[in-house]
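Asks: Right, I'll just put the structure down here and ask away after.
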Amino acid sequence: MDEGDKHLVSRTSGIRDVSRRMQAGWTLIELLVVIVIVGILASLSLPAFHGYLLEGRLDAAKPILLEIAAKQRMRKHEKGAYFSNGGNTLDEDDLINELGVPLHEYGDFCFVFICRDFNQCINAQGGSTAGSVTSANFVSASETNDAPVDFEVWAVLRENPSATSISAPNGVTCLPSNDTGNTKFQPTGFVEAANSGNKGQEGGVVVFRYPPPPNRRDAAVGADQIQFDWNSGISTSHAMSFQP
């Protein structure tokens, strides 16, 4: 056998060895290594994926927050003041009846209007301003060069369909709508239970502030020691981070 034949036989034998190894499949050690790698990658990506899903679900509150704000601004233009029954216990039905917004359809949220200026906020009768503002603070303080805050609208996360009240930041309580024809829809199930220690739990809020602050992350902490990120006047920071 000449050198060329020997080389050909060697190559053919090597190919057969590789083929036999491929047909034999992976060894147990190789499988264990792959499983460990997949587990590590999953543990790193799962929190990010959960946050991505939660952020998407919170987007459902944004259009109605903007609608409430728009109707309040129209009311102020027509009647000289925003609508607020005042106090820190706020009933969704008041906003539904006064502004005509379908808040009962949003089962995952309970909505409140936060107004702190007696000169800008009056009750439904439009008479005396007594009791028309809340003593609760806004979710975060204005920062240097921000315009003075007129109001905030909060979408408070709701998990328990039987709860007649939901605790929100800064001592605010939201009463889900329950008037005839306004019975609150059932939650869809993405909100975590109150005091569960999980992100996206009942009591967290999505907030719209007017006038909108610049797009930024606040330098100082606000409610529940959270730094709020703002985008076009809306922040989901509390709902994404609230873990009492």
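Residue numbering restarts at 1 for every chain of the structure tokens, chains are lettered A, B, ... in their displayed order, and ligands are numbered from 1 as they appear.
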Can you tell me which residues surround Asn137 (chain A) at a distance of at most 10 Å, considering only C-alpha atoms, apart from same-chain residues fewer than 3 positions away, and format the answer as a ChimeraX atom specification?
Replies: /A:114-116,134,140-141,152,169-172,222-223
Asks: I need the chosen residues saved as a PDB file, in the first residue's frame, with N, CA and C atoms.
Replies:
ATOM      1  N   ILE A 114     -55.798  63.213  42.328  1.00  0.00           N
ATOM      2  CA  ILE A 114     -55.136  63.869  43.463  1.00  0.00           C
ATOM      3  C   ILE A 114     -54.970  65.355  43.159  1.00  0.00           C
ATOM      4  N   CYS A 115     -55.672  66.185  43.941  1.00  0.00           N
ATOM      5  CA  CYS A 115     -55.632  67.635  43.764  1.00  0.00           C
ATOM      6  C   CYS A 115     -55.414  68.292  45.126  1.00  0.00           C
ATOM      7  N   ARG A 116     -54.495  69.251  45.203  1.00  0.00           N
ATOM      8  CA  ARG A 116     -54.102  69.806  46.502  1.00  0.00           C
ATOM      9  C   ARG A 116     -54.235  71.325  46.567  1.00  0.00           C
ATOM     10  N   THR A 134     -57.238  66.907  48.664  1.00  0.00           N
ATOM     11  CA  THR A 134     -56.703  65.834  49.484  1.00  0.00           C
ATOM     12  C   THR A 134     -55.460  66.311  50.202  1.00  0.00           C
ATOM     13  N   SER A 140     -44.296  62.102  44.037  1.00  0.00           N
ATOM     14  CA  SER A 140     -42.936  62.600  44.211  1.00  0.00           C
ATOM     15  C   SER A 140     -42.951  64.116  44.128  1.00  0.00           C
ATOM     16  N   ALA A 141     -42.010  64.726  44.806  1.00  0.00           N
ATOM     17  CA  ALA A 141     -41.975  66.183  44.877  1.00  0.00           C
ATOM     18  C   ALA A 141     -41.468  66.774  43.563  1.00  0.00           C
ATOM     19  N   GLU A 152     -52.430  65.024  39.904  1.00  0.00           N
ATOM     20  CA  GLU A 152     -51.986  63.712  39.449  1.00  0.00           C
ATOM     21  C   GLU A 152     -53.199  62.792  39.348  1.00  0.00           C
ATOM     22  N   PRO A 169     -50.481  54.729  47.814  1.00  0.00           N
ATOM     23  CA  PRO A 169     -49.414  55.481  48.491  1.00  0.00           C
ATOM     24  C   PRO A 169     -49.933  56.714  49.244  1.00  0.00           C
ATOM     25  N   ASN A 170     -49.142  57.135  50.218  1.00  0.00           N
ATOM     26  CA  ASN A 170     -49.361  58.400  50.933  1.00  0.00           C
ATOM     27  C   ASN A 170     -50.703  58.468  51.655  1.00  0.00           C
ATOM     28  N   GLY A 171     -51.214  57.318  52.101  1.00  0.00           N
ATOM     29  CA  GLY A 171     -52.444  57.315  52.885  1.00  0.00           C
ATOM     30  C   GLY A 171     -53.722  57.428  52.084  1.00  0.00           C
ATOM     31  N   VAL A 172     -53.653  57.299  50.762  1.00  0.00           N
ATOM     32  CA  VAL A 172     -54.848  57.375  49.920  1.00  0.00           C
ATOM     33  C   VAL A 172     -55.531  56.013  49.883  1.00  0.00           C
ATOM     34  N   GLY A 222     -39.414  59.342  46.069  1.00  0.00           N
ATOM     35  CA  GLY A 222     -40.779  59.744  46.358  1.00  0.00           C
ATOM     36  C   GLY A 222     -41.463  58.733  47.252  1.00  0.00           C
ATOM     37  N   ALA A 223     -42.726  58.468  46.970  1.00  0.00           N
ATOM     38  CA  ALA A 223     -43.511  57.534  47.793  1.00  0.00           C
ATOM     39  C   ALA A 223     -42.832  56.177  47.868  1.00  0.00           C
TER      40      ALA A 223
END
Asks: Within 9 Å of region 77-92 of chain A, counting only C-alpha atoms, which residues qualify if same-chain residues fewer than 4 places away don't, as a ChimeraX atom specification?
Replies: /A:72-73,96-99,103-104,110-116,119-124,126,130-136,151,165,170-178
Asks: Just give me the gap between CA of Glu202 (chain A) and CA of Gly51 (chain A) in Å, one decimal is fine.
Replies: 15.8 Å
Asks: Using only C-alpha atoms, what table do you get, as JSON lines, when you list each residue of region 64-148 of chain A with an atom no more than 12 Å from region 190-200 of chain A, its nearest pair of atoms, and their distance in Å rounded to one decimal, rows by chain then rising number?
Replies:
{"residue": "A:Gly107", "atom": "CA", "partner": "A:Val191", "partner_atom": "CA", "distance": 10.4}
{"residue": "A:Asp108", "atom": "CA", "partner": "A:Val191", "partner_atom": "CA", "distance": 7.0}
{"residue": "A:Phe109", "atom": "CA", "partner": "A:Val191", "partner_atom": "CA", "distance": 9.2}
Asks: Write out as a ChimeraX atom specification each polymer residue whose atoms come within 12 Å of Arg209 (chain A), counting only C-alpha atoms; drop sequence neighbours fewer than 3 positions from it.
Replies: /A:62,65-66,68-70,113-115,138-142,146-155,206,212-215,228-236
Asks: Would you write out those residues with C-alpha atoms, as an mmCIF file, in the first residue's frame?
Replies:
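File again26.cif, as written:
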data_model
loop_
_atom_site.group_PDB
_atom_site.id
_atom_site.type_symbol
_atom_site.label_atom_id
_atom_site.label_comp_id
_atom_site.auth_asym_id
_atom_site.auth_seq_id
_atom_site.Cartn_x
_atom_site.Cartn_y
_atom_site.Cartn_z
ATOM 1 C CA LYS A 62 -52.226 54.890 30.232
ATOM 2 C CA LEU A 65 -55.231 58.203 32.723
ATOM 3 C CA LEU A 66 -54.861 60.605 29.809
ATOM 4 C CA ILE A 68 -59.318 61.545 32.888
ATOM 5 C CA ALA A 69 -56.711 64.306 32.712
ATOM 6 C CA ALA A 70 -58.148 65.663 29.448
ATOM 7 C CA PHE A 113 -57.604 62.069 41.169
ATOM 8 C CA ILE A 114 -55.136 63.869 43.463
ATOM 9 C CA CYS A 115 -55.632 67.635 43.764
ATOM 10 C CA PHE A 138 -48.171 63.703 45.193
ATOM 11 C CA VAL A 139 -46.118 60.580 44.513
ATOM 12 C CA SER A 140 -42.936 62.600 44.211
ATOM 13 C CA ALA A 141 -41.975 66.183 44.877
ATOM 14 C CA SER A 142 -41.378 68.706 42.102
ATOM 15 C CA ASP A 146 -40.402 71.898 37.247
ATOM 16 C CA ALA A 147 -43.716 73.648 36.683
ATOM 17 C CA PRO A 148 -45.991 73.662 39.766
ATOM 18 C CA VAL A 149 -48.119 70.500 39.825
ATOM 19 C CA ASP A 150 -51.850 70.993 39.180
ATOM 20 C CA PHE A 151 -52.875 67.374 39.739
ATOM 21 C CA GLU A 152 -51.986 63.712 39.449
ATOM 22 C CA VAL A 153 -54.156 60.807 38.297
ATOM 23 C CA TRP A 154 -53.313 57.389 39.720
ATOM 24 C CA ALA A 155 -54.213 53.949 38.431
ATOM 25 C CA VAL A 206 -49.211 54.082 37.475
ATOM 26 C CA PRO A 212 -45.835 66.805 32.804
ATOM 27 C CA PRO A 213 -42.315 66.924 34.241
ATOM 28 C CA PRO A 214 -39.396 66.592 31.808
ATOM 29 C CA ASN A 215 -38.584 63.090 30.666
ATOM 30 C CA PHE A 228 -39.707 57.882 39.622
ATOM 31 C CA ASP A 229 -38.914 57.682 35.913
ATOM 32 C CA TRP A 230 -41.101 60.007 33.831
ATOM 33 C CA ASN A 231 -41.998 59.705 30.170
ATOM 34 C CA SER A 232 -44.507 62.167 28.703
ATOM 35 C CA GLY A 233 -45.876 62.794 32.192
ATOM 36 C CA ILE A 234 -46.434 59.106 33.005
ATOM 37 C CA SER A 235 -44.470 56.914 35.406
ATOM 38 C CA THR A 236 -44.824 53.174 36.040
#
Asks: My list of candidates is A:Glu105, A:Glu143, A:Gly56, A:Glu30. Which is closest to Phe185 (chain A) when distances are computed with only C-alpha atoms?
Replies: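 Counting only C-alpha atoms, the residue closest to Phe185 (chain A) is A:Glu105.
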Asks: Can you work out which one of A:Asp218, A:Arg158, A:Leu28, A:Asp179 has the shortest atom-to-atom distance to Thr144 (chain A), counting only C-alpha atoms?
Replies: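 Ranked by minimum distance to Thr144 (chain A), first place goes to A:Asp218.
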